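Visitor: Enclosed is the structure file structure-v2.pdb (PDB, C-alpha atoms).
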```
ATOM      1  CA  MET D1407       0.000   0.000   0.000
ATOM      2  CA  ARG D1408       2.535   2.570   1.145
ATOM      3  CA  GLU D1409       4.964   1.871  -1.730
ATOM      4  CA  LYS D1410       2.268   2.323  -4.395
ATOM      5  CA  SER D1411       1.148   5.623  -2.879
ATOM      6  CA  ILE D1412       4.749   6.857  -2.717
ATOM      7  CA  GLU D1413       5.234   5.889  -6.372
ATOM      8  CA  LEU D1414       2.092   7.797  -7.439
ATOM      9  CA  LEU D1415       2.924  10.798  -5.280
ATOM     10  CA  ASN D1416       6.407  10.953  -6.837
ATOM     11  CA  LYS D1417       4.880  10.770 -10.338
ATOM     12  CA  ALA D1418       2.805  13.780  -9.369
ATOM     13  CA  VAL D1419       5.911  15.593  -8.065
ATOM     14  CA  ARG D1420       7.587  14.983 -11.420
ATOM     15  CA  ASP D1421       4.554  16.278 -13.337
ATOM     16  CA  GLU D1422       4.260  19.355 -11.139
ATOM     17  CA  LEU D1423       7.982  20.128 -11.544
ATOM     18  CA  SER D1424       7.579  19.915 -15.305
ATOM     19  CA  ALA D1425       4.579  22.237 -15.121
ATOM     20  CA  VAL D1426       6.499  24.794 -13.048
ATOM     21  CA  HIS D1427       9.308  24.870 -15.603
ATOM     22  CA  GLN D1428       6.930  25.096 -18.559
ATOM     23  CA  TYR D1429       4.756  27.803 -17.017
ATOM     24  CA  MET D1430       7.747  29.899 -16.010
ATOM     25  CA  TYR D1431       9.045  29.651 -19.590
ATOM     26  CA  PHE D1432       5.637  30.868 -20.804
ATOM     27  CA  HIS D1433       5.662  33.618 -18.164
ATOM     28  CA  PHE D1434       9.056  34.910 -19.322
ATOM     29  CA  HIS D1435       8.006  35.027 -22.963
ATOM     30  CA  CYS D1436       4.596  36.597 -22.343
ATOM     31  CA  ASP D1437       6.262  39.203 -20.150
ATOM     32  CA  ASP D1438       8.847  39.877 -22.858
ATOM     33  CA  GLN D1439       6.064  40.395 -25.409
ATOM     34  CA  GLY D1440       4.219  42.820 -23.120
ATOM     35  CA  TYR D1441       1.315  40.506 -22.289
ATOM     36  CA  ASP D1442       1.254  41.231 -18.584
ATOM     37  CA  LEU D1443      -2.056  39.566 -17.785
ATOM     38  CA  LEU D1444      -1.083  36.277 -19.426
ATOM     39  CA  ALA D1445       2.426  36.490 -17.960
ATOM     40  CA  LEU D1446       0.907  36.913 -14.517
ATOM     41  CA  LEU D1447      -1.482  34.000 -15.059
ATOM     42  CA  PHE D1448       1.393  31.681 -15.961
ATOM     43  CA  LYS D1449       3.509  32.931 -13.045
ATOM     44  CA  ARG D1450       0.713  32.478 -10.500
ATOM     45  CA  THR D1451      -0.064  29.011 -11.815
ATOM     46  CA  ALA D1452       3.618  28.047 -11.529
ATOM     47  CA  ILE D1453       3.640  29.242  -7.925
ATOM     48  CA  GLU D1454       0.505  27.193  -7.164
ATOM     49  CA  GLU D1455       2.158  24.150  -8.746
ATOM     50  CA  MET D1456       5.138  24.690  -6.418
ATOM     51  CA  GLY D1457       2.696  24.558  -3.515
ATOM     52  CA  HIS D1458       1.403  21.253  -4.872
ATOM     53  CA  ILE D1459       4.960  19.891  -4.892
ATOM     54  CA  GLU D1460       5.313  20.853  -1.250
ATOM     55  CA  GLN D1461       2.050  19.097  -0.302
ATOM     56  CA  LEU D1462       3.057  15.976  -2.222
ATOM     57  CA  ALA D1463       6.532  15.959  -0.669
ATOM     58  CA  GLU D1464       5.103  16.282   2.836
ATOM     59  CA  ARG D1465       2.875  13.268   2.212
ATOM     60  CA  ILE D1466       5.739  11.220   0.751
ATOM     61  CA  LEU D1467       7.892  11.985   3.788
ATOM     62  CA  PHE D1468       5.035  11.116   6.148
ATOM     63  CA  LEU D1469       4.819   7.733   4.399
ATOM     64  CA  LYS D1470       8.598   7.370   5.008
ATOM     65  CA  GLY D1471       9.393   7.616   1.296
ATOM     66  CA  GLU D1472      12.046   9.504  -0.598
ATOM     67  CA  VAL D1473      10.985  12.605  -2.537
ATOM     68  CA  GLU D1474      12.227  12.208  -6.107
ATOM     69  CA  LEU D1475      12.927  15.590  -7.665
ATOM     70  CA  ASP D1476      13.853  14.196 -11.059
ATOM     71  CA  ASN D1477      12.513  16.271 -13.890
ATOM     72  CA  THR D1478      13.200  14.567 -17.181
ATOM     73  CA  ALA D1479      10.568  16.459 -19.183
ATOM     74  CA  GLU D1480      12.010  19.022 -21.540
ATOM     75  CA  VAL D1481      10.491  22.497 -21.651
ATOM     76  CA  GLN D1482       8.665  23.071 -24.923
ATOM     77  CA  LYS D1483      10.040  26.176 -26.646
ATOM     78  CA  ILE D1484       6.703  27.729 -27.579
ATOM     79  CA  ARG D1485       6.503  31.472 -28.163
ATOM     80  CA  ASP D1486       3.099  31.744 -29.835
ATOM     81  CA  THR D1487       0.625  32.826 -27.184
ATOM     82  CA  LYS D1488      -2.299  30.769 -28.427
ATOM     83  CA  ALA D1489      -0.084  27.657 -28.589
ATOM     84  CA  MET D1490       1.103  28.376 -25.029
ATOM     85  CA  LEU D1491      -2.478  28.468 -23.780
ATOM     86  CA  GLU D1492      -3.416  25.323 -25.697
ATOM     87  CA  THR D1493      -0.396  23.512 -24.265
ATOM     88  CA  ALA D1494      -1.203  24.685 -20.733
ATOM     89  CA  ARG D1495      -4.815  23.560 -21.121
ATOM     90  CA  GLU D1496      -3.649  20.125 -22.325
ATOM     91  CA  MET D1497      -1.232  19.829 -19.406
ATOM     92  CA  GLU D1498      -3.998  20.614 -16.927
ATOM     93  CA  GLU D1499      -6.375  18.194 -18.650
ATOM     94  CA  GLN D1500      -3.791  15.410 -18.360
ATOM     95  CA  GLY D1501      -3.236  16.288 -14.702
ATOM     96  CA  ILE D1502      -6.968  16.054 -14.022
ATOM     97  CA  LYS D1503      -7.108  12.634 -15.653
ATOM     98  CA  ASP D1504      -4.001  11.323 -13.859
ATOM     99  CA  TYR D1505      -4.911  12.681 -10.422
ATOM    100  CA  ASN D1506      -8.434  11.254 -10.629
ATOM    101  CA  GLN D1507      -6.989   7.863 -11.528
ATOM    102  CA  TRP D1508      -4.337   8.044  -8.830
ATOM    103  CA  ALA D1509      -6.907   9.101  -6.221
ATOM    104  CA  ASN D1510      -8.886   5.969  -7.063
ATOM    105  CA  GLU D1511      -5.770   3.798  -6.834
ATOM    106  CA  CYS D1512      -4.903   5.238  -3.420
ATOM    107  CA  GLY D1513      -8.481   4.614  -2.277
ATOM    108  CA  THR D1514      -8.248   1.016  -3.460
ATOM    109  CA  ASN D1515      -5.034   0.652  -1.448
ATOM    110  CA  ALA D1516      -6.672   2.003   1.738
ATOM    111  CA  ASP D1517      -4.753   5.303   1.679
ATOM    112  CA  ALA D1518      -7.546   7.807   2.229
ATOM    113  CA  ILE D1519      -5.233  10.760   2.925
ATOM    114  CA  SER D1520      -3.310  10.448  -0.352
ATOM    115  CA  LYS D1521      -6.655   9.938  -2.086
ATOM    116  CA  ARG D1522      -7.938  13.217  -0.639
ATOM    117  CA  LEU D1523      -4.719  14.988  -1.588
ATOM    118  CA  PHE D1524      -5.101  13.907  -5.211
ATOM    119  CA  GLU D1525      -8.764  14.936  -5.150
ATOM    120  CA  SER D1526      -7.822  18.405  -3.903
ATOM    121  CA  LEU D1527      -5.226  18.663  -6.675
ATOM    122  CA  VAL D1528      -7.917  17.760  -9.215
ATOM    123  CA  ALA D1529      -9.947  20.768  -8.045
ATOM    124  CA  ASP D1530      -6.947  23.088  -8.550
ATOM    125  CA  GLU D1531      -6.115  21.611 -11.948
ATOM    126  CA  GLU D1532      -9.746  22.028 -13.053
ATOM    127  CA  ARG D1533      -9.575  25.702 -12.052
ATOM    128  CA  HIS D1534      -6.349  26.139 -14.010
ATOM    129  CA  TYR D1535      -7.908  24.388 -16.993
ATOM    130  CA  ASP D1536     -10.859  26.770 -16.825
ATOM    131  CA  GLN D1537      -8.554  29.808 -16.675
ATOM    132  CA  TYR D1538      -6.666  28.716 -19.790
ATOM    133  CA  GLU D1539      -9.917  27.834 -21.556
ATOM    134  CA  THR D1540     -11.266  31.322 -20.763
ATOM    135  CA  GLU D1541      -8.141  32.958 -22.185
ATOM    136  CA  LEU D1542      -8.424  30.872 -25.357
ATOM    137  CA  ASP D1543     -12.099  31.855 -25.649
ATOM    138  CA  ASN D1544     -11.128  35.523 -25.286
ATOM    139  CA  MET D1545      -8.527  35.167 -28.024
ATOM    140  CA  GLU D1546     -11.118  33.515 -30.252
ATOM    141  CA  ARG D1547     -13.703  36.226 -29.610
ATOM    142  CA  PHE D1548     -11.457  39.267 -29.759
ATOM    143  CA  GLY D1549      -8.629  38.017 -31.993
ATOM    144  CA  ASP D1550      -5.384  39.956 -32.019
ATOM    145  CA  GLN D1551      -7.186  42.836 -30.314
ATOM    146  CA  TYR D1552      -7.074  40.865 -27.079
ATOM    147  CA  LEU D1553      -3.272  40.777 -27.007
ATOM    148  CA  VAL D1554      -3.022  44.382 -28.209
ATOM    149  CA  LEU D1555      -5.134  45.475 -25.246
ATOM    150  CA  GLN D1556      -2.745  43.701 -22.858
ATOM    151  CA  SER D1557       0.254  45.471 -24.401
ATOM    152  CA  MET D1558      -1.547  48.801 -24.159
ATOM    153  CA  GLU D1559      -2.373  48.122 -20.522
ATOM    154  CA  ARG D1560       1.351  47.683 -19.801
ATOM    155  CA  SER D1561       2.142  50.978 -21.521
ATOM    156  CA  LYS D1562      -0.559  52.775 -19.521
ATOM    157  CA  SER D1563       0.667  51.272 -16.249
ATOM    158  CA  ARG D1564       4.277  52.167 -16.903
ATOM    159  CA  ALA D1565       3.351  55.707 -17.932
ATOM    160  CA  ALA D1566       1.379  56.076 -14.705
ATOM    161  CA  GLY D1567       4.276  54.644 -12.694
ATOM    162  CA  THR D1568       2.256  51.679 -11.430
ATOM    163  CA  PRO D1569       3.543  48.494 -13.057
ATOM    164  CA  LEU D1570       1.476  45.325 -12.787
ATOM    165  CA  GLU D1571       2.874  42.709 -10.363
TER     166      GLU D1571
END
```
Kindly return the structure encoded in the file as structure tokens.
Guide:
Amino acid sequence: MREKSIELLNKAVRDELSAVHQYMYFHFHCDDQGYDLLALLFKRTAIEEMGHIEQLAERILFLKGEVELDNTAEVQKIRDTKAMLETAREMEEQGIKDYNQWANECGTNADAISKRLFESLVADEERHYDQYETELDNMERFGDQYLVLQSMERSKSRAAGTPLE
């Protein structure tokens, strides 16, 4: 029981580490292009994913396991904003699927606490998915105007001396 939970929790750590790296890459490039709102969304999501890693690590250590911080996933070098959002949405969708499955496996192995942890992660991943879906919908509705407005917002903030986060 304990070994299977530790294995699944470490898979989640690996996935969350990959997400942090990918989202920070997206954050840097959105920020560089002047898309402050999207840059901030990616940055905040990366920070939340770091919190997930901490929760997972605490559970692994409680189960007397070793936290594996291996991150073998390579960051995708995507600079197109729409492709970034589509990739992020896909990552969250995969996380939802995996965490639901892993919650069920932990439940089957009589590990209710790890099950609940995975279920709470599903709720966060669904929220992230919804945020990326909303941004993609906005891009669809408003086209390039949507990104132009974000760039203009940065210019207005800087001119006023009040930069966004």
Visitor: Find the residues near stretch 1477-1481 of chain D: any atom within 8 Å, counting only C-alpha atoms, skip ones fewer than 2 places away on the same chain, and give them as a PDB file with C-alpha atoms, in the coordinates of the input.
Guide:
```pdb
ATOM      1  CA  ARG D1420       7.587  14.983 -11.420  1.00  0.00           C
ATOM      2  CA  ASP D1421       4.554  16.278 -13.337  1.00  0.00           C
ATOM      3  CA  LEU D1423       7.982  20.128 -11.544  1.00  0.00           C
ATOM      4  CA  SER D1424       7.579  19.915 -15.305  1.00  0.00           C
ATOM      5  CA  HIS D1427       9.308  24.870 -15.603  1.00  0.00           C
ATOM      6  CA  GLN D1428       6.930  25.096 -18.559  1.00  0.00           C
ATOM      7  CA  TYR D1431       9.045  29.651 -19.590  1.00  0.00           C
ATOM      8  CA  LEU D1475      12.927  15.590  -7.665  1.00  0.00           C
ATOM      9  CA  LYS D1483      10.040  26.176 -26.646  1.00  0.00           C
TER      10      LYS D1483
END
```
Visitor: Could you tell me which residues the PyMOL selection byres ((chain D and resi 1450-1453) around 7) returns for this structure, as JSON, numbers by chain?
Guide: {"D": [1425, 1426, 1429, 1430, 1446, 1447, 1448, 1449, 1454, 1455, 1456, 1457]}
Visitor: Excluding D:Ala1445 and any residue of its chain fewer than 6 positions from it, enumerate the residues within 8 Å of it, using only C-alpha atoms, and give them as a count of residues only.
Guide: 6
Visitor: Can you work out the spacing between atom CA of D:Leu1443 and atom CA of D:Gln1537 in Å, to one decimal?
Guide: 11.8 Å
Visitor: Hey, what's within 7 Å of D:Glu1531 if we count all atoms listed in the file and toss same-chain stuff fewer than 6 positions away? As a list in words, please?
Guide: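 Residues near the query, excluding close chain neighbours: Glu1498, Gly1501 and Ile1502 of chain D.
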Visitor: Applied to this file, what does the PyMOL selection byres ((chain D and resi 1505) around 9) return in terms of residues, put as a list of chain:residue names?
Guide: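 Evaluating the PyMOL selection byres ((chain D and resi 1505) around 9) on this file yields D:Ala1418, D:Gln1500, D:Gly1501, D:Ile1502, D:Lys1503, D:Asp1504, D:Asn1506, D:Gln1507, D:Trp1508, D:Ala1509, D:Asn1510, D:Lys1521, D:Phe1524, D:Glu1525, D:Leu1527, D:Val1528.
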Visitor: Closest to D:Ile1466 among D:Glu1413, D:Asp1550, D:Glu1532, D:Glu1499, using all atoms listed in the file?
Guide: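 Of all the options, D:Glu1413 lies closest to D:Ile1466.
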Visitor: To test the calculation: enclose all listed atoms of stretch 1410-1420 of chain D in a box whose edges run along x, y and z, add 6 Å on each side, then state centre and edge lengths in Å to one decimal, as AutoDock Vina command-line options.
Guide:
```
--center_x 4.4 --center_y 9.0 --center_z -7.1 --size_x 18.4 --size_y 25.3 --size_z 20.7
```
